[in-house]
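S.K.: Got data.txt for you, compact mmCIF, N, CA and C atoms:
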# COMPACT_ATOMS: atom_id res chain seq x y z
N VAL A 16 102.27 80.50 72.48
CA VAL A 16 101.28 81.55 72.73
C VAL A 16 102.00 82.88 72.96
N GLN A 17 101.57 83.89 72.26
CA GLN A 17 102.11 85.24 72.46
C GLN A 17 101.00 86.14 72.96
N LEU A 18 101.35 87.02 73.89
CA LEU A 18 100.38 87.91 74.52
C LEU A 18 100.86 89.34 74.41
N VAL A 19 99.98 90.22 73.98
CA VAL A 19 100.33 91.64 73.84
C VAL A 19 99.26 92.47 74.55
N GLU A 20 99.69 93.20 75.59
CA GLU A 20 98.77 94.06 76.34
C GLU A 20 98.74 95.46 75.75
N SER A 21 97.63 96.13 75.99
CA SER A 21 97.51 97.54 75.64
C SER A 21 96.46 98.16 76.54
N GLY A 22 96.45 99.50 76.56
CA GLY A 22 95.40 100.19 77.28
C GLY A 22 95.79 100.81 78.60
N GLY A 23 97.02 100.63 79.02
CA GLY A 23 97.45 101.27 80.26
C GLY A 23 97.56 102.77 80.09
N GLY A 24 97.80 103.44 81.20
CA GLY A 24 97.95 104.89 81.14
C GLY A 24 97.88 105.51 82.51
N SER A 25 97.72 106.83 82.52
CA SER A 25 97.63 107.57 83.77
C SER A 25 96.26 108.20 83.89
N VAL A 26 95.64 108.02 85.06
CA VAL A 26 94.32 108.60 85.32
C VAL A 26 94.30 109.12 86.75
N GLN A 27 93.31 109.94 87.01
CA GLN A 27 93.10 110.41 88.37
C GLN A 27 92.23 109.42 89.12
N ALA A 28 92.32 109.47 90.43
CA ALA A 28 91.50 108.60 91.26
C ALA A 28 90.02 108.77 90.88
N GLY A 29 89.33 107.64 90.81
CA GLY A 29 87.94 107.66 90.40
C GLY A 29 87.74 107.44 88.91
N GLY A 30 88.83 107.48 88.18
CA GLY A 30 88.75 107.32 86.75
C GLY A 30 88.66 105.87 86.32
N SER A 31 88.64 105.67 85.00
CA SER A 31 88.47 104.33 84.43
C SER A 31 89.52 104.07 83.35
N LEU A 32 89.84 102.81 83.17
CA LEU A 32 90.69 102.36 82.09
C LEU A 32 90.24 100.97 81.66
N ARG A 33 90.51 100.63 80.42
CA ARG A 33 90.26 99.27 79.95
C ARG A 33 91.55 98.72 79.36
N LEU A 34 91.99 97.61 79.90
CA LEU A 34 93.17 96.93 79.39
C LEU A 34 92.73 95.83 78.42
N SER A 35 93.56 95.61 77.42
CA SER A 35 93.31 94.53 76.46
C SER A 35 94.54 93.63 76.38
N CYS A 36 94.28 92.36 76.11
CA CYS A 36 95.37 91.41 75.93
C CYS A 36 95.03 90.54 74.72
N ALA A 37 95.78 90.71 73.67
CA ALA A 37 95.56 89.95 72.45
C ALA A 37 96.47 88.72 72.45
N ALA A 38 95.87 87.56 72.26
CA ALA A 38 96.63 86.31 72.25
C ALA A 38 96.75 85.79 70.82
N SER A 39 97.88 85.20 70.53
CA SER A 39 98.09 84.58 69.23
C SER A 39 98.91 83.30 69.42
N GLY A 40 98.94 82.50 68.39
CA GLY A 40 99.65 81.23 68.50
C GLY A 40 98.67 80.10 68.82
N PHE A 41 99.09 79.18 69.69
CA PHE A 41 98.27 78.02 70.02
C PHE A 41 97.21 78.37 71.06
N THR A 42 96.33 79.27 70.70
CA THR A 42 95.34 79.77 71.66
C THR A 42 94.33 78.70 72.07
N PHE A 43 94.17 77.65 71.26
CA PHE A 43 93.21 76.60 71.60
C PHE A 43 93.68 75.82 72.82
N SER A 44 94.96 75.95 73.16
CA SER A 44 95.52 75.20 74.29
C SER A 44 95.39 75.95 75.62
N ILE A 45 94.85 77.16 75.56
CA ILE A 45 94.75 77.97 76.78
C ILE A 45 93.59 77.49 77.65
N ASN A 46 93.88 77.16 78.91
CA ASN A 46 92.84 76.73 79.85
C ASN A 46 92.23 77.90 80.62
N ALA A 47 93.04 78.91 80.85
CA ALA A 47 92.56 80.06 81.60
C ALA A 47 93.45 81.25 81.28
N MET A 48 92.89 82.43 81.43
CA MET A 48 93.66 83.66 81.26
C MET A 48 93.40 84.56 82.45
N GLY A 49 94.36 85.41 82.72
CA GLY A 49 94.19 86.28 83.87
C GLY A 49 95.02 87.54 83.78
N TRP A 50 94.73 88.45 84.69
CA TRP A 50 95.49 89.67 84.85
C TRP A 50 96.17 89.64 86.22
N TYR A 51 97.43 89.97 86.21
CA TYR A 51 98.21 90.11 87.42
C TYR A 51 98.76 91.53 87.46
N ARG A 52 99.17 91.96 88.63
CA ARG A 52 99.81 93.28 88.73
C ARG A 52 100.95 93.23 89.73
N GLN A 53 101.89 94.12 89.51
CA GLN A 53 103.04 94.22 90.40
C GLN A 53 103.37 95.68 90.64
N ALA A 54 103.23 96.09 91.88
CA ALA A 54 103.58 97.45 92.28
C ALA A 54 105.04 97.47 92.72
N PRO A 55 105.67 98.63 92.68
CA PRO A 55 107.08 98.72 93.09
C PRO A 55 107.31 98.18 94.50
N GLY A 56 108.26 97.29 94.63
CA GLY A 56 108.60 96.74 95.94
C GLY A 56 107.66 95.67 96.44
N LYS A 57 106.70 95.28 95.60
CA LYS A 57 105.74 94.27 96.03
C LYS A 57 105.78 93.07 95.10
N GLN A 58 105.22 91.97 95.58
CA GLN A 58 105.16 90.77 94.75
C GLN A 58 104.03 90.88 93.73
N ARG A 59 104.18 90.15 92.65
CA ARG A 59 103.13 90.10 91.65
C ARG A 59 101.91 89.40 92.27
N GLU A 60 100.73 89.95 92.02
CA GLU A 60 99.52 89.39 92.59
C GLU A 60 98.45 89.22 91.52
N LEU A 61 97.60 88.22 91.75
CA LEU A 61 96.48 87.99 90.86
C LEU A 61 95.43 89.08 91.05
N VAL A 62 94.98 89.63 89.94
CA VAL A 62 93.89 90.61 89.97
C VAL A 62 92.57 89.91 89.65
N ALA A 63 92.55 89.17 88.55
CA ALA A 63 91.34 88.47 88.13
C ALA A 63 91.73 87.42 87.10
N ASP A 64 90.94 86.37 87.03
CA ASP A 64 91.16 85.40 85.96
C ASP A 64 89.82 84.85 85.48
N ILE A 65 89.88 84.21 84.30
CA ILE A 65 88.68 83.69 83.66
C ILE A 65 89.02 82.35 83.04
N ILE A 66 88.15 81.36 83.31
CA ILE A 66 88.38 80.00 82.83
C ILE A 66 87.83 79.87 81.42
N SER A 67 88.63 79.29 80.52
CA SER A 67 88.17 79.07 79.15
C SER A 67 86.98 78.11 79.17
N GLY A 68 86.09 78.30 78.25
CA GLY A 68 84.94 77.41 78.15
C GLY A 68 83.81 77.83 79.08
N SER A 69 83.99 77.63 80.39
CA SER A 69 82.92 77.95 81.33
C SER A 69 82.75 79.46 81.51
N GLY A 70 83.84 80.19 81.33
CA GLY A 70 83.77 81.64 81.55
C GLY A 70 83.74 82.03 83.02
N THR A 71 83.98 81.08 83.90
CA THR A 71 84.01 81.36 85.33
C THR A 71 85.10 82.37 85.65
N THR A 72 84.75 83.36 86.45
CA THR A 72 85.70 84.41 86.80
C THR A 72 86.02 84.40 88.29
N ASN A 73 87.16 85.00 88.58
CA ASN A 73 87.64 85.06 89.96
C ASN A 73 88.34 86.40 90.13
N TYR A 74 88.10 87.07 91.26
CA TYR A 74 88.67 88.40 91.49
C TYR A 74 89.36 88.47 92.84
N ALA A 75 90.40 89.26 92.89
CA ALA A 75 90.99 89.60 94.17
C ALA A 75 89.99 90.45 94.95
N ASP A 76 89.99 90.30 96.26
CA ASP A 76 89.04 91.06 97.09
C ASP A 76 89.19 92.57 96.87
N SER A 77 90.40 93.01 96.63
CA SER A 77 90.66 94.44 96.52
C SER A 77 90.05 95.08 95.29
N VAL A 78 89.65 94.28 94.30
CA VAL A 78 89.11 94.84 93.07
C VAL A 78 87.66 94.44 92.81
N LYS A 79 87.11 93.61 93.65
CA LYS A 79 85.72 93.16 93.45
C LYS A 79 84.78 94.35 93.43
N GLY A 80 83.90 94.33 92.45
CA GLY A 80 82.94 95.42 92.31
C GLY A 80 83.45 96.60 91.52
N ARG A 81 84.76 96.62 91.24
CA ARG A 81 85.33 97.74 90.48
C ARG A 81 85.92 97.27 89.15
N PHE A 82 86.45 96.07 89.11
CA PHE A 82 87.07 95.55 87.89
C PHE A 82 86.21 94.43 87.32
N THR A 83 86.21 94.33 86.00
CA THR A 83 85.49 93.26 85.31
C THR A 83 86.39 92.64 84.25
N ILE A 84 86.57 91.35 84.34
CA ILE A 84 87.37 90.62 83.35
C ILE A 84 86.42 89.98 82.35
N SER A 85 86.82 89.99 81.09
CA SER A 85 86.00 89.36 80.05
C SER A 85 86.91 88.87 78.94
N ARG A 86 86.32 88.07 78.07
CA ARG A 86 87.12 87.49 77.00
C ARG A 86 86.27 87.38 75.74
N ASP A 87 86.81 87.81 74.62
CA ASP A 87 86.17 87.68 73.32
C ASP A 87 86.90 86.56 72.59
N ASN A 88 86.31 85.37 72.59
CA ASN A 88 86.99 84.21 72.00
C ASN A 88 87.20 84.37 70.50
N ALA A 89 86.26 85.04 69.84
CA ALA A 89 86.38 85.21 68.38
C ALA A 89 87.60 86.06 68.04
N LYS A 90 87.95 86.97 68.93
CA LYS A 90 89.08 87.86 68.70
C LYS A 90 90.32 87.41 69.45
N ASN A 91 90.20 86.33 70.23
CA ASN A 91 91.31 85.88 71.07
C ASN A 91 91.85 87.02 71.93
N THR A 92 90.96 87.76 72.49
CA THR A 92 91.34 88.94 73.27
C THR A 92 90.65 88.92 74.63
N MET A 93 91.41 89.27 75.65
CA MET A 93 90.88 89.37 77.00
C MET A 93 90.92 90.84 77.41
N TYR A 94 89.96 91.22 78.24
CA TYR A 94 89.86 92.61 78.67
C TYR A 94 89.80 92.69 80.19
N LEU A 95 90.19 93.85 80.68
CA LEU A 95 89.99 94.17 82.09
C LEU A 95 89.45 95.59 82.15
N GLN A 96 88.18 95.70 82.44
CA GLN A 96 87.55 97.01 82.61
C GLN A 96 87.73 97.43 84.07
N MET A 97 88.34 98.57 84.27
CA MET A 97 88.62 99.06 85.62
C MET A 97 87.92 100.39 85.83
N ILE A 98 87.10 100.47 86.86
CA ILE A 98 86.42 101.71 87.22
C ILE A 98 86.76 102.06 88.65
N SER A 99 86.41 103.27 89.03
CA SER A 99 86.66 103.74 90.40
C SER A 99 88.10 103.45 90.82
N LEU A 100 89.02 103.78 89.96
CA LEU A 100 90.42 103.46 90.24
C LEU A 100 90.93 104.23 91.44
N LYS A 101 91.82 103.58 92.19
CA LYS A 101 92.42 104.14 93.38
C LYS A 101 93.94 104.23 93.21
N PRO A 102 94.58 105.11 93.93
CA PRO A 102 96.05 105.19 93.84
C PRO A 102 96.72 103.84 94.11
N GLU A 103 96.14 103.05 94.98
CA GLU A 103 96.73 101.74 95.29
C GLU A 103 96.60 100.73 94.14
N ASP A 104 95.88 101.10 93.10
CA ASP A 104 95.82 100.25 91.90
C ASP A 104 97.02 100.48 90.99
N THR A 105 97.83 101.45 91.30
CA THR A 105 99.01 101.76 90.49
C THR A 105 99.96 100.57 90.48
N ALA A 106 100.30 100.10 89.28
CA ALA A 106 101.16 98.92 89.13
C ALA A 106 101.38 98.67 87.64
N VAL A 107 102.29 97.75 87.37
CA VAL A 107 102.40 97.20 86.02
C VAL A 107 101.45 96.00 85.97
N TYR A 108 100.59 96.01 84.99
CA TYR A 108 99.60 94.94 84.83
C TYR A 108 100.07 93.98 83.74
N TYR A 109 100.02 92.70 84.07
CA TYR A 109 100.49 91.66 83.16
C TYR A 109 99.35 90.72 82.78
N CYS A 110 99.33 90.38 81.53
CA CYS A 110 98.40 89.37 81.02
C CYS A 110 99.06 88.00 81.17
N ASN A 111 98.26 87.02 81.54
CA ASN A 111 98.75 85.65 81.73
C ASN A 111 97.83 84.66 81.04
N ALA A 112 98.43 83.65 80.42
CA ALA A 112 97.65 82.56 79.83
C ALA A 112 98.23 81.24 80.33
N ARG A 113 97.33 80.38 80.78
CA ARG A 113 97.78 79.10 81.34
C ARG A 113 97.35 77.96 80.43
N THR A 114 98.29 77.08 80.13
CA THR A 114 97.99 75.84 79.44
C THR A 114 98.32 74.68 80.40
N LEU A 115 98.17 73.46 79.93
CA LEU A 115 98.47 72.32 80.80
C LEU A 115 99.94 72.30 81.22
N LYS A 116 100.80 72.78 80.33
CA LYS A 116 102.23 72.67 80.61
C LYS A 116 102.89 73.98 80.98
N TYR A 117 102.40 75.08 80.43
CA TYR A 117 103.15 76.34 80.58
C TYR A 117 102.26 77.50 81.01
N ASP A 118 102.95 78.49 81.56
CA ASP A 118 102.37 79.81 81.81
C ASP A 118 103.02 80.78 80.82
N TYR A 119 102.21 81.61 80.19
CA TYR A 119 102.73 82.61 79.27
C TYR A 119 102.40 83.99 79.82
N TRP A 120 103.30 84.94 79.57
CA TRP A 120 103.13 86.29 80.11
C TRP A 120 103.32 87.33 79.00
N GLY A 121 102.55 88.40 79.13
CA GLY A 121 102.77 89.55 78.27
C GLY A 121 103.87 90.42 78.83
N GLN A 122 104.15 91.50 78.12
CA GLN A 122 105.26 92.37 78.51
C GLN A 122 104.89 93.35 79.62
N GLY A 123 103.62 93.49 79.89
CA GLY A 123 103.16 94.37 80.95
C GLY A 123 102.78 95.76 80.42
N THR A 124 101.84 96.36 81.11
CA THR A 124 101.42 97.72 80.77
C THR A 124 101.24 98.50 82.07
N GLN A 125 101.75 99.72 82.09
CA GLN A 125 101.74 100.52 83.31
C GLN A 125 100.39 101.19 83.51
N VAL A 126 99.87 101.10 84.71
CA VAL A 126 98.68 101.83 85.12
C VAL A 126 99.09 102.71 86.30
N THR A 127 98.86 104.00 86.18
CA THR A 127 99.20 104.94 87.24
C THR A 127 97.95 105.73 87.60
N VAL A 128 97.61 105.70 88.88
CA VAL A 128 96.42 106.41 89.37
C VAL A 128 96.89 107.46 90.37
N SER A 129 96.61 108.70 90.07
CA SER A 129 97.04 109.80 90.94
C SER A 129 95.88 110.27 91.81
N SER A 130 96.23 110.73 93.00
CA SER A 130 95.18 111.17 93.94
C SER A 130 94.83 112.63 93.73
The structure given in the file should be rewritten as structure tokens.

M.R.:
Amino acid sequence: VQLVESGGGSVQAGGSLRLSCAASGFTFSINAMGWYRQAPGKQRELVADIISGSGTTNYADSVKGRFTISRDNAKNTMYLQMISLKPEDTAVYYCNARTLKYDYWGQGTQVTVSS
């Protein structure tokens, strides 16, 4: 499975961005996909994830009500719509895909929110 993120950038507080993650390869083996982020000096943390098939979603408390995760199975693409962005959302955002045996990661995309 290969993952390629896009859509990061720099915005002012209160702004919006949409991240995309295109998956290729053995995508039928993916059980769940998610977005993680890592700010400088901090550990990587889960932002949101979505279960394949059921579409069940899960969000970190810090982003609930502001971020929306979705997946277009026909395009093998996952999205993260982010609104009302805050400076504390600044981080490198990583796409993740989980199979029974492995975790796959994208290269990351920078999101910078200025006050």

S.K.: State, in Å with one decimal place, the distance from atom C of Asn111 in chain A to atom N of Ser130 in chain A.

M.R.: 28.7 Å

S.K.: Choose the residue, out of A:Ile66, A:Gln27, A:Ser85, A:Met48, that has the smallest atom-to-atom separation from Arg113 in chain A; count all atoms listed in the file.

M.R.: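 Using all atoms listed in the file, Arg113 in chain A sits closest to A:Met48.
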
S.K.: Can you work out which one of A:Tyr117, A:Val107, A:Thr124, A:Val19 has the shortest atom-to-atom distance to Arg52 in chain A, counting all atoms listed in the file?

M.R.: A:Val107

S.K.: Residues of range 23-80 of chain A in strand (DSSP E or B) according to DSSP, as a ChimeraX atom specification?

M.R.: /A:24-27,32-39,47-53,60-66,72-74

S.K.: Using Å and a single decimal, report how far atom C of Ala54 in chain A sits from CA of Leu32 in chain A.

M.R.: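 CA of Leu32 in chain A sits 18.5 Å away from atom C of Ala54 in chain A.
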
S.K.: Quick one: everything within 6 Å of Leu34 in chain A, counting all atoms listed in the file, minus sequence neighbours fewer than 4 positions away in the same chain. Send it as a list in words.

M.R.: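 Here the qualifying residues turn out to be Ser21, Gly22, Gly23, Met93, Tyr94, Leu95, Gln96 and Met97 of chain A.
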
S.K.: Calculated over only C-alpha atoms, which of the candidates A:Tyr74, A:Tyr51, A:Phe43, A:Phe82 has the smallest distance to Cys110 in chain A?

M.R.: A:Tyr51

S.K.: Considering only C-alpha atoms, can you say which of A:Gly40, A:Gly49, A:Pro55, A:Gly121 comes closest to Glu103 in chain A?

M.R.: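 Of A:Gly40, A:Gly49, A:Pro55, A:Gly121, the one nearest Glu103 in chain A, counting only C-alpha atoms, is A:Pro55.
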
S.K.: Quick one: everything within 5 Å of Ala106 in chain A, counting all atoms listed in the file, minus sequence neighbours fewer than 5 positions away in the same chain. Send it as JSON, numbers by chain.

M.R.: {"A": [53, 54, 125, 126]}

S.K.: For a quick check of your reading of the model, name the residues lying within 5 Å of the coordinate (91.7, 93.7, 90.2), counting all atoms listed in the file, and write them as a list in words.

M.R.: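 Counting all atoms listed in the file, I find these residues within 5 Å of (91.7, 93.7, 90.2): Val62, Ala63 and Val78 of chain A.
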
S.K.: Pick from A:Leu115, A:Lys79, A:Trp120, A:Ala28: nearest to Pro102 in chain A, with only N, CA and C atoms counted?

M.R.: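 Residue with the minimum atom-to-atom distance to Pro102 in chain A: A:Ala28.
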
S.K.: Atom N of Arg59 in chain A to atom C of Asp76 in chain A: how many Å, to one decimal?

M.R.: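 According to the coordinates, atom N of Arg59 in chain A and atom C of Asp76 in chain A are separated by 15.8 Å.
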
S.K.: Using only C-alpha atoms, which of the listed residues (A:Ala38, A:Val26, A:Ala47, A:Leu61) sits closest to Tyr109 in chain A?

M.R.: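 Answer, going by the shortest atom-to-atom distance: A:Leu61.
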
S.K.: Which polymer residues, whether protein, DNA or RNA, lie within 12 Å of the coordinate (86.5, 83.4, 71.0) when you count only C-alpha atoms? List them as a ChimeraX atom specification, using the chain letters and numbers from the file.

M.R.: /A:37-39,42-43,45,67-68,70,85-93
